>>> print(open('upload_27.txt').read())   # compact mmCIF, C-alpha atoms and all ligand atoms
# COMPACT_ATOMS: atom_id res chain seq x y z
CA MET H 27 54.51 71.23 71.93
CA THR H 28 57.66 70.60 73.92
CA ILE H 29 59.06 72.25 77.02
CA ASN H 30 62.65 73.18 77.72
CA PRO H 31 64.03 69.73 78.65
CA HIS H 32 66.95 71.21 80.53
CA TYR H 33 64.73 72.22 83.45
CA GLN H 34 64.67 68.49 84.27
CA ASP H 35 68.45 68.66 84.71
CA LEU H 36 68.25 71.22 87.50
CA GLU H 37 68.95 69.99 90.98
CA GLN H 38 66.19 70.95 93.36
CA ASN H 39 67.87 73.50 95.56
CA TYR H 40 65.97 73.28 98.81
CA LEU H 41 68.78 74.82 100.86
CA PHE H 42 67.06 77.88 102.29
CA ALA H 43 63.64 76.22 102.38
CA VAL H 44 65.02 73.32 104.42
CA THR H 45 66.99 75.50 106.83
CA ALA H 46 63.94 77.75 107.37
CA GLN H 47 61.70 74.73 107.89
CA LYS H 48 64.07 73.10 110.38
CA ALA H 49 64.35 76.36 112.30
CA ALA H 50 60.55 76.77 112.33
CA GLU H 51 60.04 73.18 113.54
CA PHE H 52 62.59 73.70 116.30
CA SER H 53 60.88 76.94 117.42
CA ALA H 54 57.48 75.23 117.43
CA ALA H 55 58.82 72.39 119.57
CA HIS H 56 60.72 74.74 121.91
CA PRO H 57 58.67 77.95 122.19
CA ASP H 58 60.74 79.04 125.22
CA LYS H 59 64.01 79.11 123.23
CA LYS H 60 65.13 82.21 121.32
CA VAL H 61 66.46 81.12 117.93
CA ILE H 62 69.03 83.49 116.39
CA ARG H 63 69.36 83.53 112.61
CA LEU H 64 72.89 84.06 111.34
CA GLY H 65 72.14 82.43 108.01
CA ILE H 66 70.43 85.48 106.60
CA GLY H 67 71.69 86.67 103.20
CA ASP H 68 69.48 89.74 103.13
CA VAL H 69 70.27 93.15 104.58
CA THR H 70 68.42 94.29 107.69
CA LYS H 71 69.18 98.04 107.78
CA PRO H 72 66.77 100.47 106.08
CA LEU H 73 67.67 102.64 103.10
CA CYS H 74 69.89 105.57 104.08
CA PRO H 75 68.43 109.11 104.41
CA ALA H 76 70.06 110.41 101.19
CA VAL H 77 68.31 107.68 99.19
CA ILE H 78 64.96 108.19 100.90
CA GLU H 79 65.06 111.95 100.27
CA ALA H 80 65.98 111.49 96.60
CA MET H 81 63.19 108.96 96.11
CA HIS H 82 60.62 111.25 97.78
CA ARG H 83 61.63 114.05 95.41
CA ALA H 84 61.36 111.64 92.47
CA VAL H 85 57.85 110.62 93.53
CA ASP H 86 56.90 114.31 93.48
CA ASP H 87 58.37 114.64 89.97
CA MET H 88 55.95 111.96 88.85
CA ALA H 89 52.97 113.99 90.10
CA TRP H 90 53.22 116.76 87.47
CA ALA H 91 53.06 116.59 83.68
CA GLU H 92 56.08 118.93 83.42
CA THR H 93 58.36 116.66 85.45
CA PHE H 94 56.74 113.28 84.81
CA TYR H 95 58.89 110.43 83.45
CA GLY H 96 57.49 107.59 81.32
CA TYR H 97 59.60 104.90 79.64
CA GLY H 98 63.25 105.61 80.27
CA PRO H 99 66.37 104.72 78.29
CA TYR H 100 66.99 100.93 78.18
CA GLU H 101 70.52 101.46 79.48
CA GLY H 102 69.49 103.74 82.35
CA TYR H 103 69.29 107.50 82.88
CA ASP H 104 72.44 109.50 82.27
CA PHE H 105 72.24 111.02 85.77
CA LEU H 106 72.77 107.56 87.28
CA ARG H 107 75.32 106.37 84.72
CA GLU H 108 77.32 109.58 85.31
CA ALA H 109 77.20 108.87 89.05
CA ILE H 110 78.46 105.30 88.49
CA ARG H 111 81.14 106.55 86.12
CA GLY H 112 82.29 108.99 88.83
CA TYR H 113 82.42 106.15 91.37
CA TYR H 114 84.69 104.07 89.13
CA GLY H 115 86.72 107.15 88.14
CA ARG H 116 87.54 107.92 91.79
CA ARG H 117 89.05 104.44 91.98
CA GLY H 118 91.19 105.05 88.89
CA VAL H 119 88.93 103.14 86.48
CA PRO H 120 87.91 105.43 83.60
CA LEU H 121 84.68 104.35 81.89
CA GLN H 122 82.65 105.75 79.03
CA LEU H 123 78.99 106.33 79.72
CA SER H 124 78.10 103.91 76.93
CA GLU H 125 79.87 101.11 78.82
CA ILE H 126 77.45 101.28 81.78
CA PHE H 127 74.08 99.49 81.66
CA VAL H 128 71.65 100.02 84.54
CA SER H 129 69.29 97.19 85.50
CA ASP H 130 66.97 95.97 88.23
CA GLY H 131 69.73 93.97 89.89
CA ALA H 132 72.70 91.70 89.42
CA LYS H 133 70.76 88.44 89.53
CA SER H 134 68.74 89.29 86.41
CA ASP H 135 71.83 90.57 84.58
CA ILE H 136 73.86 87.49 85.44
CA GLY H 137 71.09 85.23 84.15
CA ASN H 138 70.15 87.35 81.14
CA ILE H 139 73.68 87.94 79.83
CA LEU H 140 73.69 84.32 78.66
CA ASP H 141 71.31 85.37 75.87
CA ILE H 142 74.27 86.87 73.98
CA PHE H 143 76.48 83.75 74.12
CA GLY H 144 76.33 80.61 71.99
CA GLU H 145 74.94 77.41 73.44
CA ASP H 146 78.09 75.36 72.92
CA ASN H 147 80.39 77.46 75.11
CA ALA H 148 82.25 75.66 77.89
CA VAL H 149 81.42 77.21 81.25
CA LEU H 150 83.69 77.33 84.27
CA VAL H 151 82.19 78.04 87.69
CA PRO H 152 83.93 77.98 91.08
CA ASP H 153 82.76 75.37 93.57
CA PRO H 154 81.36 76.42 96.03
CA VAL H 155 79.55 79.51 94.75
CA TYR H 156 76.31 81.51 94.41
CA PRO H 157 74.01 78.89 92.78
CA VAL H 158 72.63 81.23 90.08
CA TYR H 159 75.70 80.80 87.82
CA VAL H 160 75.19 77.05 87.57
CA ASP H 161 71.41 76.94 87.29
CA THR H 162 71.16 79.60 84.57
CA ASN H 163 73.59 77.63 82.41
CA ILE H 164 71.87 74.31 83.04
CA MET H 165 68.57 75.91 81.96
CA ALA H 166 70.27 76.88 78.70
CA GLY H 167 71.61 73.35 78.22
CA ARG H 168 75.27 74.22 78.69
CA ARG H 169 77.93 71.99 80.17
CA VAL H 170 79.37 73.34 83.41
CA ALA H 171 82.84 72.50 84.72
CA PHE H 172 84.02 73.53 88.16
CA SER H 173 87.16 75.20 89.41
CA SER H 174 87.87 73.74 92.78
CA ALA H 175 87.85 76.17 95.72
CA THR H 176 89.28 74.47 98.81
CA GLU H 177 90.87 75.12 102.17
CA ALA H 178 94.24 74.53 100.47
CA ASN H 179 93.81 77.43 98.01
CA GLY H 180 92.00 79.64 100.52
CA PHE H 181 88.80 79.15 98.47
CA LEU H 182 90.37 81.23 95.69
CA PRO H 183 90.99 78.88 92.76
CA LEU H 184 93.33 79.97 89.95
CA PRO H 185 93.15 78.98 86.25
CA ASP H 186 94.09 75.46 85.26
CA PRO H 187 95.56 75.50 81.73
CA ALA H 188 94.27 71.94 81.23
CA VAL H 189 90.63 73.02 81.62
CA LYS H 190 89.04 74.67 78.59
CA ALA H 191 86.63 77.49 79.33
CA ASP H 192 84.81 80.06 77.23
CA ILE H 193 82.67 81.65 79.93
CA ILE H 194 84.37 82.03 83.32
CA TYR H 195 82.50 83.12 86.44
CA LEU H 196 84.35 84.87 89.25
CA CYS H 197 82.80 86.32 92.39
CA SER H 198 84.98 88.46 94.64
CA PRO H 199 84.44 88.98 97.54
CA ASN H 200 82.81 85.61 97.23
CA ASN H 201 79.40 84.38 98.30
CA PRO H 202 79.46 82.05 100.27
CA THR H 203 83.16 81.95 101.26
CA GLY H 204 83.84 85.66 101.78
CA ALA H 205 87.27 85.13 100.17
CA ALA H 206 88.49 88.01 97.99
CA TYR H 207 90.99 87.82 95.12
CA SER H 208 94.18 89.90 95.15
CA ARG H 209 95.17 91.94 92.12
CA GLU H 210 97.80 89.34 91.15
CA GLN H 211 95.32 86.48 91.36
CA LEU H 212 92.80 88.34 89.21
CA LYS H 213 95.58 89.15 86.75
CA ALA H 214 96.17 85.39 86.35
CA TRP H 215 92.49 84.95 85.40
CA VAL H 216 92.55 87.96 83.05
CA ASP H 217 95.65 86.65 81.25
CA PHE H 218 94.10 83.18 80.99
CA ALA H 219 90.86 84.60 79.55
CA ASN H 220 92.69 86.79 77.01
CA GLN H 221 94.88 83.88 75.90
CA ASN H 222 91.88 81.59 75.45
CA ASP H 223 89.43 84.06 73.91
CA ALA H 224 87.21 83.49 76.97
CA VAL H 225 84.98 86.02 78.72
CA ILE H 226 85.05 86.52 82.49
CA LEU H 227 81.71 87.32 84.11
CA PHE H 228 82.86 89.13 87.23
CA ASP H 229 80.36 89.48 90.06
CA ALA H 230 81.31 92.43 92.28
CA ALA H 231 78.10 92.44 94.36
CA TYR H 232 80.10 92.66 97.61
CA GLU H 233 82.84 95.09 96.51
CA ALA H 234 81.66 97.76 98.96
CA PHE H 235 82.66 95.49 101.87
CA ILE H 236 86.34 95.59 100.88
CA ARG H 237 88.34 97.50 103.48
CA ASP H 238 91.82 96.21 102.58
CA ASP H 239 93.14 98.88 100.19
CA SER H 240 95.38 96.40 98.37
CA LEU H 241 92.37 94.39 97.09
CA PRO H 242 90.68 95.36 93.82
CA HIS H 243 87.00 96.37 93.96
CA SER H 244 86.61 96.02 90.20
CA ILE H 245 88.17 93.64 87.72
CA PHE H 246 88.85 96.69 85.56
CA GLU H 247 91.52 97.69 88.07
CA VAL H 248 93.50 94.83 86.50
CA GLU H 249 95.42 95.42 83.29
CA GLY H 250 94.00 93.55 80.31
CA ALA H 251 90.48 93.14 81.74
CA ARG H 252 88.89 95.48 79.21
CA THR H 253 89.35 92.90 76.45
CA CYS H 254 87.95 89.94 78.39
CA ALA H 255 85.60 90.91 81.22
CA ILE H 256 82.05 91.98 81.99
CA GLU H 257 81.41 93.23 85.51
CA PHE H 258 78.12 93.00 87.39
CA CYS H 259 77.38 95.04 90.44
CA SER H 260 74.38 95.70 92.58
CA LEU H 261 73.14 98.22 95.09
CA SER H 262 71.53 95.39 97.07
CA LYS H 263 74.31 94.82 99.56
CA THR H 264 76.06 98.15 98.91
CA ALA H 265 73.08 100.27 99.90
CA GLY H 266 70.28 98.02 101.11
CA PHE H 267 68.49 97.84 97.74
CA THR H 268 67.53 94.13 98.00
CA GLY H 269 63.85 95.07 97.92
CA THR H 270 64.22 98.31 95.96
CA ARG H 271 66.10 96.69 93.04
CA CYS H 272 68.92 98.32 91.11
CA GLY H 273 72.18 97.06 89.66
CA TYR H 274 74.41 97.61 86.69
CA ALA H 275 76.70 95.87 84.22
CA VAL H 276 79.91 97.30 82.80
CA ILE H 277 80.88 96.10 79.32
CA PRO H 278 84.01 97.77 77.88
CA ALA H 279 83.91 99.09 74.31
CA GLU H 280 86.93 96.92 73.41
CA LEU H 281 85.19 93.68 74.38
CA GLU H 282 84.31 91.82 71.20
CA ARG H 283 83.84 88.16 70.41
CA GLY H 284 83.10 86.60 67.03
CA GLY H 285 83.48 90.06 65.49
CA SER H 286 80.65 91.54 67.56
CA PRO H 287 80.97 94.14 70.34
CA LEU H 288 79.35 92.54 73.38
CA GLY H 289 78.10 95.88 74.73
CA ALA H 290 76.08 96.48 71.56
CA MET H 291 74.67 92.95 71.76
CA TRP H 292 73.70 93.47 75.39
CA LEU H 293 71.97 96.76 74.58
CA ARG H 294 70.07 95.00 71.79
CA ARG H 295 69.04 92.27 74.21
CA GLN H 296 67.95 94.72 76.89
CA ALA H 297 66.05 96.90 74.40
CA THR H 298 64.14 93.81 73.29
CA LYS H 299 63.34 92.22 76.65
CA PHE H 300 63.69 94.94 79.33
CA ASN H 301 61.98 98.30 79.70
CA GLY H 302 64.29 99.84 82.23
CA THR H 303 64.54 100.38 85.97
CA SER H 304 62.00 102.78 87.43
CA TYR H 305 62.87 106.49 87.45
CA ILE H 306 62.21 106.71 91.19
CA VAL H 307 64.60 103.86 91.96
CA GLN H 308 67.29 105.29 89.68
CA ARG H 309 67.05 108.65 91.50
CA GLY H 310 67.51 106.79 94.79
CA ALA H 311 70.45 104.84 93.33
CA ALA H 312 72.14 108.04 92.11
CA ALA H 313 71.95 109.42 95.67
CA VAL H 314 74.08 106.46 96.86
CA PHE H 315 77.01 107.84 94.86
CA THR H 316 76.84 111.39 96.29
CA GLU H 317 79.29 112.33 99.06
CA GLU H 318 76.48 112.23 101.58
CA GLY H 319 75.14 108.89 100.31
CA GLN H 320 78.60 107.32 100.29
CA ALA H 321 79.20 108.36 103.90
CA GLN H 322 75.85 106.93 104.96
CA VAL H 323 76.16 103.57 103.20
CA LYS H 324 79.76 103.23 104.41
CA ALA H 325 78.57 103.68 108.01
CA ASP H 326 75.98 100.91 107.51
CA ILE H 327 78.51 98.55 105.97
CA ASP H 328 81.03 99.33 108.72
CA ASP H 329 78.38 98.29 111.20
CA TYR H 330 77.81 94.96 109.42
CA LEU H 331 81.58 94.48 109.27
CA GLU H 332 81.75 95.00 113.03
CA ASN H 333 79.31 92.08 113.39
CA ALA H 334 81.66 90.07 111.18
CA ARG H 335 84.58 91.05 113.43
CA VAL H 336 82.65 89.89 116.51
CA ILE H 337 82.19 86.49 114.86
CA THR H 338 85.74 86.11 113.52
CA THR H 339 87.28 87.18 116.86
CA ALA H 340 85.36 84.38 118.55
CA LEU H 341 86.38 81.86 115.87
CA ASP H 342 90.03 82.93 116.24
CA SER H 343 89.90 82.37 119.99
CA MET H 344 88.29 78.95 119.49
CA GLY H 345 90.89 77.96 116.88
CA ILE H 346 88.27 77.40 114.18
CA TRP H 347 89.49 77.80 110.57
CA TYR H 348 87.55 80.24 108.39
CA THR H 349 87.74 82.53 105.39
CA GLY H 350 85.92 85.84 104.89
CA GLY H 351 84.56 88.21 107.49
CA LYS H 352 87.25 90.82 106.80
CA ASN H 353 86.22 92.23 103.41
CA SER H 354 82.89 90.50 103.25
CA PRO H 355 79.68 90.02 105.24
CA TYR H 356 80.16 86.24 104.99
CA ILE H 357 82.17 84.03 107.33
CA TRP H 358 82.91 80.57 105.98
CA LEU H 359 84.05 78.25 108.71
CA LYS H 360 85.24 74.68 108.88
CA CYS H 361 82.81 72.58 110.87
CA PRO H 362 84.51 71.57 114.12
CA GLY H 363 85.23 67.94 114.95
CA GLY H 364 85.01 66.86 111.30
CA MET H 365 81.22 67.24 111.27
CA ASP H 366 79.52 67.44 107.89
CA SER H 367 77.60 70.63 107.05
CA TRP H 368 74.11 69.37 107.88
CA THR H 369 75.18 67.60 111.08
CA PHE H 370 76.75 70.86 112.22
CA PHE H 371 73.59 72.75 111.24
CA ASP H 372 71.47 70.46 113.42
CA TYR H 373 74.02 70.56 116.24
CA LEU H 374 74.10 74.38 116.31
CA LEU H 375 70.34 74.63 116.13
CA GLU H 376 69.77 72.08 118.91
CA LYS H 377 72.54 73.10 121.29
CA ALA H 378 72.96 76.84 120.67
CA ASN H 379 69.67 77.69 118.94
CA VAL H 380 71.67 79.42 116.21
CA VAL H 381 70.82 79.05 112.51
CA GLY H 382 73.48 79.22 109.79
CA THR H 383 73.74 77.83 106.26
CA PRO H 384 75.28 74.42 105.49
CA GLY H 385 78.16 74.83 103.03
CA ALA H 386 77.17 71.69 101.12
CA GLY H 387 74.26 73.69 99.68
CA PHE H 388 76.70 75.80 97.65
CA GLY H 389 78.55 72.97 95.91
CA GLN H 390 80.38 69.71 96.59
CA ASN H 391 83.42 71.48 98.00
CA GLY H 392 81.19 73.18 100.54
CA GLU H 393 80.75 69.90 102.42
CA GLY H 394 82.26 70.19 105.89
CA PHE H 395 81.92 73.99 105.88
CA PHE H 396 79.32 76.40 107.15
CA ARG H 397 78.30 79.99 106.31
CA LEU H 398 77.50 82.62 108.92
CA THR H 399 76.56 86.17 107.94
CA ALA H 400 77.02 89.60 109.45
CA PHE H 401 73.61 90.92 108.41
CA GLY H 402 71.96 90.31 111.79
CA SER H 403 71.64 92.89 114.57
CA ARG H 404 74.64 93.53 116.87
CA LYS H 405 72.69 92.33 119.89
CA ASN H 406 71.81 89.00 118.25
CA THR H 407 75.30 88.56 116.84
CA LEU H 408 76.87 89.08 120.28
CA GLU H 409 74.39 86.70 121.88
CA ALA H 410 74.94 84.05 119.18
CA VAL H 411 78.70 84.30 119.60
CA GLU H 412 78.44 83.87 123.37
CA ARG H 413 76.42 80.71 122.80
CA LEU H 414 79.01 79.42 120.30
CA ARG H 415 81.80 80.08 122.80
CA GLY H 416 79.96 78.02 125.37
CA LEU H 417 79.44 75.15 122.95
CA LEU H 418 82.44 74.76 120.61
N1 LIG Y 1 75.56 88.10 93.18
C1 LIG Y 1 75.82 87.55 94.36
C2 LIG Y 1 77.12 86.91 94.59
C3 LIG Y 1 74.85 87.55 95.38
O1 LIG Y 1 75.11 86.98 96.55
C4 LIG Y 1 73.61 88.16 95.13
C5 LIG Y 1 72.55 88.19 96.15
O2 LIG Y 1 72.57 87.59 97.17
C6 LIG Y 1 73.38 88.71 93.87
C7 LIG Y 1 74.37 88.67 92.91
C8 LIG Y 1 72.03 89.29 93.52
O3 LIG Y 1 72.01 90.64 93.61
P1 LIG Y 1 70.71 91.46 93.26
O4 LIG Y 1 69.94 91.66 94.51
O5 LIG Y 1 71.25 92.75 92.69
O6 LIG Y 1 69.93 90.72 92.23
>>> encode(input="upload_27.txt", output="structure tokens", more="lines below")
Ligand code: PLP
Amino acid sequence: MTINPHYQDLEQNYLFAVTAQKAAEFSAAHPDKKVIRLGIGDVTKPLCPAVIEAMHRAVDDMAWAETFYGYGPYEGYDFLREAIRGYYGRRGVPLQLSEIFVSDGAKSDIGNILDIFGEDNAVLVPDPVYPVYVDTNIMAGRRVAFSSATEANGFLPLPDPAVKADIIYLCSPNNPTGAAYSREQLKAWVDFANQNDAVILFDAAYEAFIRDDSLPHSIFEVEGARTCAIEFCSLSKTAGFTGTRCGYAVIPAELERGGSPLGAMWLRRQATKFNGTSYIVQRGAAAVFTEEGQAQVKADIDDYLENARVITTALDSMGIWYTGGKNSPYIWLKCPGGMDSWTFFDYLLEKANVVGTPGAGFGQNGEGFFRLTAFGSRKNTLEAVERLRGLL
């Protein structure tokens, strides 16, 4: 037998393991020091009351033969897809129910969608970015080219007509840079994709953090996207579902390649390899889109964004360049004094006992940059910022 040889091509991504280990070693050597973690990419607030109540009711449904649910539809229950359709509709994006596919999260969808594309497609991924886009393609043996995100373009690269691409990944607001595309910038990508018969895989996992009304939450707010884009979204960061697991993909009816509608291919793929998200979780997810649920999750996100404001206000006063933090839980800063990412990591840990994430872990262009997140508590964020002010 043989194994998939492409797994040998993966770079060992030790980023979070190494940062956690270094922080643990520091704590062991200095038990008197309080280490504050601002590298965390997970939420810290519990599920909101509307979700908890809906999930309790759903658990009770499962207790009686009359209201029990077994296998559900592969594409998700209509009650949740209707709720998602309403959410998009309120933003002026009409969707058909059949264009919405519920899943157990954006990470699985983003990896699994590659099943429907040919092996020889050219892939274009921003650098730096969420590592899943690169690794899932390497596993499938595809070539990956990078679009360069830099300080000069505000970490928002635009299409380069000289670079061929069939599958284009975009993430806005971006992880790790927090930078968010404007409507005009997304339009440039949509036009490029339509002209080149490419498909954009648009990751909207952080759309709920957008507070600037001029910025699009969905790529389908941009004209022309229905013939070239698939959108992935998640309730993980929107509503604290990182451990509860629910997301969805939107594939427009018009989106066809090679004569095949991609939505039908995706449904075929899901029906073959996925047996649906649990009924209880889907009931909880539907509660997120009610008026009550929306008010509650917005309050939680506003609170995270206030942490981000605390951090960016301090960076502004220290004259440190950064992106993000305004429409995103991520703050991407330039390491002061020309330090590289890991030197700055060690420096912050040693001198301020603050843990962040070295930018170099997200791609070559991340070297010299550093990611802080707003997912900590207010108390810790304020304390960490005071320590940074004293140090930088
Ligand atoms: N997309 C981006 C950009 C992310 O940062 C994350 C999680 O950190 C995900 C997708 C994964 O989301 P989910 O929890 O729905 O799998």
>>> residues_near_ligand(input="upload_27.txt", ligand="ligand LIG 1 (chain Y)", cutoff="10 Å", atoms="all atoms listed in the file", output="PyMOL selection string")
chain H and resi 66-69+129-137+155-159+196-202+204+228-232+258-264+266-274+356
>>> residues_around(input="upload_27.txt", residues="Gln308 (chain H)", least_positions_apart="6", cutoff="8 Å", atoms="only C-alpha atoms", output="ChimeraX atom specification")
/H:102-103,106,272
>>> write_last_selection(input="upload_27.txt", atoms="C-alpha atoms", output="compact mmCIF listing (two decimals), in the frame of the given file")
# COMPACT_ATOMS: atom_id res chain seq x y z
CA GLY H 102 69.49 103.74 82.35
CA TYR H 103 69.29 107.50 82.88
CA LEU H 106 72.77 107.56 87.28
CA CYS H 272 68.92 98.32 91.11
>>> closest_atom_pairs(input="upload_27.txt", of="region 89-146 of chain H", to="region 161-178 of chain H", cutoff="8 Å", atoms="only C-alpha atoms", output="tab-separated table")
residue	atom	partner	partner_atom	distance
H:Gly137	CA	H:Thr162	CA	5.6
H:Leu140	CA	H:Asn163	CA	7.7
H:Glu145	CA	H:Arg168	CA	6.2
H:Asp146	CA	H:Arg168	CA	6.5
>>> closest_residue(input="upload_27.txt", among="H:Ala265, H:Gly98, H:Ala224, H:Gly382", to="Ala313 (chain H)", atoms="all atoms listed in the file")
H:Ala265
>>> atom_distance(input="upload_27.txt", atom1="CA of Gly180 (chain H)", atom2="CA of Asp366 (chain H)")
18.9 Å
>>> closest_residue(input="upload_27.txt", among="H:Asn406, H:Glu125, H:Gly350, H:Met81", to="Glu280 (chain H)", atoms="all atoms listed in the file")
H:Glu125
>>> residues_around(input="upload_27.txt", residues="His243 (chain H)", least_positions_apart="5", cutoff="8 Å", atoms="only C-alpha atoms", output="VMD selection string")
chain H and resid 230 233 to 234 236
>>> atom_distance(input="upload_27.txt", atom1="CA of Gln221 (chain H)", atom2="CA of Pro242 (chain H)")
21.7 Å
>>> residues_around(input="upload_27.txt", residues="Gly310 (chain H)", least_positions_apart="4", cutoff="8 Å", atoms="all atoms listed in the file", output="PDB file with C-alpha atoms, in the coordinates of the input")
ATOM      1  CA  ALA H  76      70.060 110.410 101.190  1.00  0.00           C
ATOM      2  CA  VAL H  77      68.310 107.680  99.190  1.00  0.00           C
ATOM      3  CA  ILE H  78      64.960 108.190 100.900  1.00  0.00           C
ATOM      4  CA  GLU H  79      65.060 111.950 100.270  1.00  0.00           C
ATOM      5  CA  ALA H  80      65.980 111.490  96.600  1.00  0.00           C
ATOM      6  CA  MET H  81      63.190 108.960  96.110  1.00  0.00           C
ATOM      7  CA  ILE H 306      62.210 106.710  91.190  1.00  0.00           C
ATOM      8  CA  VAL H 314      74.080 106.460  96.860  1.00  0.00           C
TER       9      VAL H 314
END
>>> residues_around(input="upload_27.txt", residues="Tyr195 (chain H)", least_positions_apart="4", cutoff="9 Å", atoms="all atoms listed in the file", output="PyMOL selection string")
chain H and resi 149-152+159+225-229
>>> closest_residue(input="upload_27.txt", among="H:Asp239, H:Gly351, H:Tyr100, H:Gly250", to="Asn220 (chain H)", atoms="only C-alpha atoms")
H:Gly250
>>> atom_distance(input="upload_27.txt", atom1="CA of Ala148 (chain H)", atom2="CA of Gln211 (chain H)")
21.7 Å
>>> residues_around(input="upload_27.txt", residues="Leu408 (chain H)", least_positions_apart="3", cutoff="9 Å", atoms="only C-alpha atoms", output="MDAnalysis selection string")
chainID H and resid 333 336:337 403:405 411:413
>>> closest_residue(input="upload_27.txt", among="H:Ala400, H:Ile142, H:Val189, H:Ile346", to="Tyr330 (chain H)", atoms="all atoms listed in the file")
H:Ala400
